[in-house]
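Colleague: mmCIF, C-alpha atoms and all ligand atoms, file start04.cif:
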```cif
data_protein
#
loop_
_atom_site.label_atom_id
_atom_site.label_comp_id
_atom_site.auth_asym_id
_atom_site.auth_seq_id
_atom_site.Cartn_x
_atom_site.Cartn_y
_atom_site.Cartn_z
CA MET A 21 -29.85 -26.42 -15.75
CA ALA A 22 -27.99 -27.19 -18.98
CA ASN A 23 -24.73 -26.40 -17.21
CA ARG A 24 -25.53 -28.74 -14.40
CA ILE A 25 -26.13 -31.55 -16.85
CA VAL A 26 -22.82 -30.84 -18.61
CA ASN A 27 -21.01 -30.62 -15.25
CA ASN A 28 -22.52 -33.87 -14.09
CA TYR A 29 -21.55 -35.51 -17.33
CA ILE A 30 -17.94 -34.25 -17.04
CA SER A 31 -17.83 -35.15 -13.39
CA ARG A 32 -19.07 -38.71 -14.09
CA GLY A 33 -16.59 -39.06 -16.92
CA MET A 34 -13.72 -37.78 -14.75
CA LYS A 35 -14.62 -40.15 -11.95
CA LYS A 36 -14.52 -43.05 -14.36
CA ILE A 37 -11.06 -42.16 -15.64
CA PHE A 38 -9.41 -40.56 -12.56
CA PRO A 39 -11.65 -41.28 -9.59
CA GLY A 40 -9.17 -40.01 -6.95
CA ILE A 41 -8.16 -36.85 -8.80
CA ALA A 42 -11.72 -35.81 -9.61
CA LEU A 43 -12.69 -36.06 -5.97
CA ALA A 44 -9.61 -34.19 -4.78
CA GLY A 45 -10.42 -31.45 -7.31
CA LEU A 46 -13.95 -31.10 -6.02
CA ILE A 47 -12.82 -30.89 -2.40
CA ALA A 48 -10.14 -28.26 -3.18
CA CYS A 49 -12.68 -26.27 -5.15
CA SER A 50 -15.28 -26.13 -2.38
CA CYS A 51 -12.55 -25.15 0.16
CA THR A 52 -11.42 -22.10 -1.81
CA GLN A 53 -14.99 -21.01 -2.33
CA ASN A 54 -15.94 -21.14 1.33
CA LYS A 55 -12.79 -20.34 3.27
CA TYR A 56 -13.39 -16.58 3.48
CA ALA A 57 -17.19 -16.63 3.22
CA THR A 58 -17.68 -15.45 6.82
CA THR A 59 -15.12 -12.64 6.65
CA ASN A 60 -16.44 -11.56 3.25
CA LYS A 61 -19.85 -11.26 4.88
CA ALA A 62 -18.29 -9.13 7.64
CA TYR A 63 -16.76 -6.85 4.95
CA LYS A 64 -20.18 -6.44 3.34
CA LYS A 65 -21.81 -5.62 6.67
CA GLN A 66 -19.17 -3.05 7.60
CA SER A 67 -19.30 -1.31 4.22
CA LYS A 68 -23.10 -1.18 4.49
CA GLU A 69 -22.75 0.65 7.81
CA PHE A 70 -20.45 3.23 6.18
CA ALA A 71 -22.87 3.62 3.26
CA LYS A 72 -25.59 4.40 5.80
CA ARG A 73 -23.44 7.19 7.26
CA TYR A 74 -22.92 8.65 3.81
CA ARG A 75 -26.68 8.80 3.31
CA GLU A 76 -27.36 10.53 6.65
CA TYR A 77 -29.04 13.94 6.43
CA PRO A 78 -29.00 16.49 7.89
CA VAL A 79 -25.35 15.56 8.22
CA THR A 80 -24.29 14.68 11.75
CA ASP A 81 -20.64 13.74 11.27
CA SER A 82 -19.11 16.77 13.00
CA ALA A 83 -22.27 18.05 14.66
CA GLY A 84 -22.18 20.10 17.84
CA LEU A 85 -22.12 23.69 16.65
CA ASN A 86 -25.09 25.96 16.45
CA TYR A 87 -25.91 25.32 12.81
CA ALA A 88 -28.65 27.03 10.80
CA GLN A 89 -32.12 25.64 11.51
CA ALA A 90 -33.02 24.48 8.01
CA TRP A 91 -30.51 22.10 6.52
CA VAL A 92 -29.34 22.79 2.98
CA GLY A 93 -27.36 20.05 1.33
CA THR A 94 -25.08 20.86 -1.56
CA THR A 95 -25.63 19.13 -4.88
CA ASN A 96 -21.97 19.07 -5.85
CA PHE A 97 -19.65 16.52 -4.27
CA SER A 98 -17.75 13.29 -4.74
CA VAL A 99 -15.83 10.80 -2.62
CA ARG A 100 -12.40 11.70 -1.15
CA ARG A 101 -9.55 10.15 -3.07
CA PRO A 102 -6.20 8.70 -2.00
CA ASN A 103 -3.21 10.93 -2.72
CA PHE A 104 -0.35 8.64 -1.65
CA VAL A 105 0.66 5.03 -2.17
CA VAL A 106 2.50 3.38 0.73
CA ILE A 107 4.41 0.19 -0.11
CA HIS A 108 5.18 -2.53 2.46
CA HIS A 109 6.67 -5.98 2.79
CA THR A 110 4.49 -8.33 4.82
CA ALA A 111 7.28 -9.77 7.04
CA GLN A 112 5.32 -13.02 6.90
CA ASN A 113 6.06 -16.37 5.32
CA SER A 114 3.32 -16.68 2.72
CA CYS A 115 0.52 -14.85 1.03
CA GLU A 116 -1.97 -17.20 2.68
CA GLU A 117 -0.60 -16.23 6.10
CA THR A 118 -1.15 -12.54 5.27
CA LEU A 119 -4.68 -13.12 3.97
CA THR A 120 -5.44 -14.80 7.29
CA THR A 121 -3.87 -11.93 9.28
CA PHE A 122 -5.93 -9.37 7.36
CA THR A 123 -9.18 -11.24 7.95
CA LEU A 124 -8.80 -11.69 11.72
CA PRO A 125 -10.59 -8.79 13.47
CA ARG A 126 -8.26 -8.95 16.49
CA THR A 127 -5.16 -8.06 14.41
CA GLN A 128 -6.75 -4.72 13.38
CA VAL A 129 -4.41 -4.55 10.36
CA SER A 130 -5.17 -4.51 6.65
CA SER A 131 -4.07 -3.16 3.31
CA HIS A 132 -5.87 -2.49 0.07
CA TYR A 133 -3.71 -4.89 -1.93
CA VAL A 134 -1.54 -7.94 -1.27
CA ILE A 135 0.84 -9.12 -3.99
CA CYS A 136 1.91 -12.78 -3.81
CA LYS A 137 5.24 -14.18 -5.03
CA ASP A 138 3.67 -15.53 -8.23
CA GLY A 139 2.32 -12.06 -9.06
CA THR A 140 -1.27 -12.73 -7.97
CA VAL A 141 -2.88 -9.55 -6.65
CA HIS A 142 -5.51 -9.71 -3.91
CA HIS A 143 -7.64 -6.57 -3.77
CA MET A 144 -8.87 -6.79 -0.19
CA LEU A 145 -10.29 -3.31 0.36
CA ASN A 146 -11.92 -0.65 -1.82
CA ASP A 147 -9.38 2.13 -2.53
CA LEU A 148 -11.87 4.68 -1.21
CA LEU A 149 -12.01 3.14 2.25
CA ARG A 150 -9.36 3.62 4.95
CA GLY A 151 -6.96 0.71 5.38
CA HIS A 152 -5.01 0.05 8.59
CA HIS A 153 -1.49 -0.30 7.20
CA ALA A 154 0.58 2.82 7.98
CA GLY A 155 -0.14 3.35 11.69
CA VAL A 156 1.47 6.37 13.33
CA SER A 157 3.03 8.09 10.34
CA LYS A 158 4.29 11.39 8.97
CA TRP A 159 5.47 12.54 5.55
CA GLY A 160 6.05 16.25 5.10
CA ASN A 161 3.11 17.81 6.86
CA ALA A 162 0.84 14.86 6.16
CA THR A 163 0.02 12.79 9.20
CA ASP A 164 -2.39 9.86 9.38
CA LEU A 165 -1.26 8.43 6.06
CA ASN A 166 -3.95 5.76 6.43
CA SER A 167 -6.54 8.41 5.62
CA SER A 168 -4.82 9.63 2.48
CA SER A 169 -3.14 6.57 1.00
CA VAL A 170 -3.60 3.22 -0.67
CA GLY A 171 -1.59 0.48 1.07
CA ILE A 172 0.15 -2.26 -0.90
CA GLU A 173 1.66 -5.23 0.93
CA ILE A 174 4.14 -7.41 -0.93
CA ASP A 175 4.60 -10.99 0.28
CA ASN A 176 8.20 -11.06 1.54
CA ASN A 177 9.66 -12.30 4.83
CA GLY A 178 11.59 -9.04 5.26
CA PHE A 179 15.00 -10.24 4.15
CA GLU A 180 14.55 -11.82 0.73
CA SER A 181 14.40 -10.27 -2.74
CA PHE A 182 11.13 -9.41 -4.44
CA THR A 183 10.15 -11.67 -7.35
CA GLU A 184 9.88 -10.50 -10.94
CA PRO A 185 6.15 -11.39 -11.19
CA GLN A 186 5.57 -9.34 -8.00
CA ILE A 187 7.27 -6.26 -9.42
CA ASN A 188 5.48 -6.65 -12.76
CA SER A 189 2.09 -6.85 -11.02
CA LEU A 190 3.06 -3.93 -8.79
CA LEU A 191 3.96 -1.73 -11.78
CA GLN A 192 0.61 -2.51 -13.42
CA LEU A 193 -1.23 -1.70 -10.23
CA LEU A 194 0.69 1.56 -9.70
CA ASP A 195 -0.11 2.62 -13.26
CA ARG A 196 -3.81 2.14 -12.60
CA LEU A 197 -3.73 3.94 -9.24
CA LYS A 198 -1.67 6.87 -10.51
CA LYS A 199 -4.09 7.47 -13.36
CA ALA A 200 -7.29 6.82 -11.42
CA TYR A 201 -6.48 9.22 -8.59
CA SER A 202 -3.92 11.58 -10.21
CA ILE A 203 -1.35 10.66 -7.56
CA PRO A 204 1.78 12.85 -7.84
CA THR A 205 4.99 11.04 -8.84
CA ALA A 206 6.68 12.03 -5.55
CA ASN A 207 3.89 10.43 -3.48
CA PHE A 208 4.84 6.78 -4.05
CA ILE A 209 6.70 5.98 -0.84
CA GLY A 210 7.57 3.17 1.59
CA HIS A 211 6.37 2.39 5.09
CA ALA A 212 9.92 3.05 6.42
CA ASP A 213 9.80 6.53 4.84
CA VAL A 214 6.70 7.53 6.79
CA ALA A 215 7.55 5.77 10.07
CA PRO A 216 11.33 6.16 10.66
CA GLY A 217 12.70 4.10 13.53
CA ARG A 218 9.46 2.15 13.79
CA LYS A 219 9.36 0.45 10.37
CA VAL A 220 11.97 -0.80 7.90
CA ASP A 221 9.79 -1.98 5.03
CA PRO A 222 9.98 -2.55 2.16
CA ASN A 223 13.47 -3.97 2.74
CA ARG A 224 16.71 -2.89 1.05
CA ASN A 225 16.12 -5.27 -1.89
CA PHE A 226 13.12 -3.26 -3.06
CA PRO A 227 13.72 -1.78 -6.55
CA TRP A 228 12.89 1.88 -5.85
CA GLN A 229 15.09 3.06 -8.73
CA LYS A 230 13.19 0.88 -11.21
CA LEU A 231 9.91 2.24 -9.86
CA ALA A 232 11.15 5.82 -10.24
CA GLN A 233 12.23 5.09 -13.82
CA ASN A 234 8.61 4.10 -14.47
CA GLY A 235 7.18 7.24 -12.87
CA TYR A 236 6.48 6.09 -9.30
CA GLY A 237 8.62 7.99 -6.79
CA LEU A 238 11.64 10.19 -7.45
CA TRP A 239 15.30 9.28 -7.95
CA TYR A 240 18.54 11.23 -8.07
CA ASP A 241 21.35 11.95 -10.48
CA THR A 242 24.54 13.20 -8.82
CA THR A 243 26.40 13.84 -12.09
CA GLY A 244 28.13 17.24 -11.78
CA VAL A 245 26.30 18.07 -8.54
CA GLN A 246 28.10 20.70 -6.44
CA VAL A 247 26.92 20.84 -2.85
CA PRO A 248 26.95 24.37 -1.35
CA ALA A 249 29.20 24.83 1.70
CA ASP A 250 26.27 25.77 3.93
CA PHE A 251 24.17 22.77 2.90
CA ASN A 252 22.08 21.38 5.77
CA ALA A 253 21.54 17.64 5.23
CA LEU A 254 18.93 17.34 7.96
CA GLN A 255 16.87 20.14 6.50
CA ALA A 256 17.11 18.42 3.12
CA LEU A 257 15.68 15.24 4.65
CA ARG A 258 12.85 17.34 6.06
CA ILE A 259 12.16 18.98 2.69
CA ILE A 260 12.03 15.56 1.02
CA GLY A 261 9.39 14.55 3.57
CA TYR A 262 11.14 12.70 6.40
CA ASP A 263 10.18 13.24 10.01
CA ILE A 264 13.55 14.37 11.46
CA LYS A 265 12.54 14.30 15.13
CA ASN A 266 15.11 11.54 15.54
CA PRO A 267 17.85 12.32 12.96
CA GLY A 268 19.43 8.83 13.11
CA ASN A 269 16.11 7.18 12.34
CA ALA A 270 15.43 9.59 9.47
CA ILE A 271 18.85 8.84 7.96
CA GLN A 272 18.24 5.09 8.31
CA SER A 273 14.92 5.33 6.44
CA PHE A 274 16.49 7.53 3.77
CA LYS A 275 19.21 4.91 3.23
CA ILE A 276 16.77 1.97 3.10
CA HIS A 277 15.14 3.79 0.17
CA PHE A 278 17.93 5.64 -1.62
CA VAL A 279 21.34 4.22 -0.57
CA GLN A 280 20.35 0.62 0.01
CA GLN A 281 23.78 -1.00 0.36
CA ASP A 282 24.76 1.39 3.18
CA THR A 283 23.59 0.37 6.65
CA THR A 284 25.21 3.26 8.54
CA ARG A 285 23.20 6.09 10.07
CA THR A 286 25.61 8.86 9.07
CA ILE A 287 25.73 11.31 6.16
CA GLY A 288 28.88 11.21 4.01
CA ASP A 289 29.86 13.36 1.02
CA THR A 290 28.11 11.14 -1.54
CA ASP A 291 24.96 11.14 0.59
CA LYS A 292 25.07 14.94 0.65
CA LYS A 293 25.13 15.02 -3.16
CA ILE A 294 22.18 12.64 -3.30
CA LEU A 295 20.25 14.65 -0.72
CA TYR A 296 20.99 17.96 -2.41
CA ASP A 297 19.76 16.65 -5.77
CA LEU A 298 16.68 14.99 -4.27
CA MET A 299 15.81 18.04 -2.20
CA LYS A 300 15.57 20.14 -5.35
CA LYS A 301 13.32 17.53 -7.00
CA TYR A 302 10.97 17.27 -4.00
CA GLN A 303 10.78 21.04 -3.45
ZN ZN B 1 4.58 -1.96 6.65
#
```
Once you've parsed the file, please lay out its structure as structure tokens.
Ligand SMILES: [Zn+2]
Modeller:
Amino acid sequence: MANRIVNNYISRGMKKIFPGIALAGLIACSCTQNKYATTNKAYKKQSKEFAKRYREYPVTDSAGLNYAQAWVGTTNFSVRRPNFVVIHHTAQNSCEETLTTFTLPRTQVSSHYVICKDGTVHHMLNDLLRGHHAGVSKWGNATDLNSSSVGIEIDNNGFESFTEPQINSLLQLLDRLKKAYSIPTANFIGHADVAPGRKVDPNRNFPWQKLAQNGYGLWYDTTGVQVPADFNALQALRIIGYDIKNPGNAIQSFKIHFVQQDTTRTIGDTDKKILYDLMKKYQ
């Protein structure tokens, strides 16, 4: 009640001094509060449904076998945790556009986080729930990266550089995720890495080396590296994690991440040194 009186007082005072501005402020405020009210409600409803499935007993999730008659539930368990972080660029023109895309059921796409150009982070989905950001994907022997990763979308039209506030926010977020879920350093990867030929994000301006210097993803040092004569570059790509079904696509994804200025799909001597050094780090 006291607050309402104070608010009314301020509001009356504002109207007296800046009648137009005060009104505009009020309108803008109510818009931001209500714009996603319906989709937020849908989020709540969906998560409630999942919570119901967690509570189900006897458990029926993979039922069908001839289980023992009397159900015995264990007392020792927790929730599955993400083990990878997959980074994307949105390929859209604004953060607002992406928020809209991720709240339209018909698009069927989402990510856990969206990072705007000014560094604002939108946490759209609980880390423990499965986002729809990676699609058909493979990294090493891991398939269905959506089930094992946190997805981070960075507002970027696909061709521009990433802003400093975006990278600063990203580094803070990665620090939190790495600690919270004990995510291995090698498991911070890009969408292009896990979907060669199908995806090219984040684009060649993405500062992977800076990320690696901070402990998110691996980088190479070719100083004094001697590549053995029988070195197999394709096998090295496979060891790092790339799906080499289509070698050209795998090389393209490798270059988007590690040799960003080079748009060719061939392996030269320098690339071999990089691959040889990386292969040993990923082994
Ligand atoms: Zn992507």
Colleague: Please compute the CA of Asn188 (chain A)-CA of His277 (chain A) distance, one decimal, in Å.
Modeller: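 If I compute the distance from CA of Asn188 (chain A) to CA of His277 (chain A), I get 19.2 Å.
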Colleague: Which of these residues is nearest to Lys265 (chain A), using only C-alpha atoms: A:Ala111, A:Val247, A:Lys158, A:Ser169?
Modeller: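 Going through A:Ala111, A:Val247, A:Lys158, A:Ser169 one by one, the smallest distance to Lys265 (chain A) is for A:Lys158.
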Colleague: One number please: CA of His152 (chain A) to CA of Arg126 (chain A), in Å, one decimal.
Modeller: 12.4 Å
Colleague: Throw together the list of residues within 8 Å of ligand ZN 1 (chain B), counting all atoms listed in the file, and drop it here as a count of residues only.
Modeller: 14
Colleague: When you draw a straight line from CA of Gly155 (chain A) to CA of Phe122 (chain A), how long is it in Å?
Modeller: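 So the answer is 14.6 Å.
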Colleague: Restricting the calculation to all atoms listed in the file, which member of A:Arg258, A:Lys198, A:Arg224, A:Lys300 is positioned closest to Thr283 (chain A)?
Modeller: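 Among the listed residues, A:Arg224 lies closest to Thr283 (chain A).
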Colleague: Give me, as a list in words, all polymer residues having an atom no more than 10 Å from Pro185 (chain A), counting all atoms listed in the file and skipping those fewer than 5 positions away in the same chain.
Modeller: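 What passes the distance filter is Ile135, Cys136, Lys137, Asp138, Gly139, Thr140, Leu190 and Leu191 of chain A.
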Colleague: Could you tell me which of A:Gln246, A:Asn223, A:Ser130, A:Asn234 comes closest to Gln272 (chain A) if we count all atoms listed in the file?
Modeller: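 Checking each of A:Gln246, A:Asn223, A:Ser130, A:Asn234 against Gln272 (chain A), counting all atoms listed in the file, the winner is A:Asn223.
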Colleague: Might you pull out every residue within 7 Å of Ala253 (chain A), with only C-alpha atoms counted and same-chain residues fewer than 2 positions away left off, and present them as a PyMOL selection string?
Modeller: chain A and resi 251+255-257+292+295
Colleague: From the options A:Gly237, A:Gly171, A:Pro216, A:Leu165, which residue's atoms come nearest to Arg285 (chain A), counting only C-alpha atoms?
Modeller: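 Looking only at the distances to Arg285 (chain A), the closest residue turns out to be A:Pro216.
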Colleague: Using all atoms listed in the file, pick whichever of A:Val92, A:Met144, A:Ala232, A:Cys115 has the shortest atom-to-atom distance to Pro204 (chain A).
Modeller: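 Smallest separation from Pro204 (chain A) among the options: A:Ala232.
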Colleague: Of the candidates A:Val105, A:Ser167, A:Val156, A:Leu119, which one gets nearest to Asp195 (chain A) if we count only C-alpha atoms?
Modeller: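 Of all the options, A:Val105 lies closest to Asp195 (chain A).
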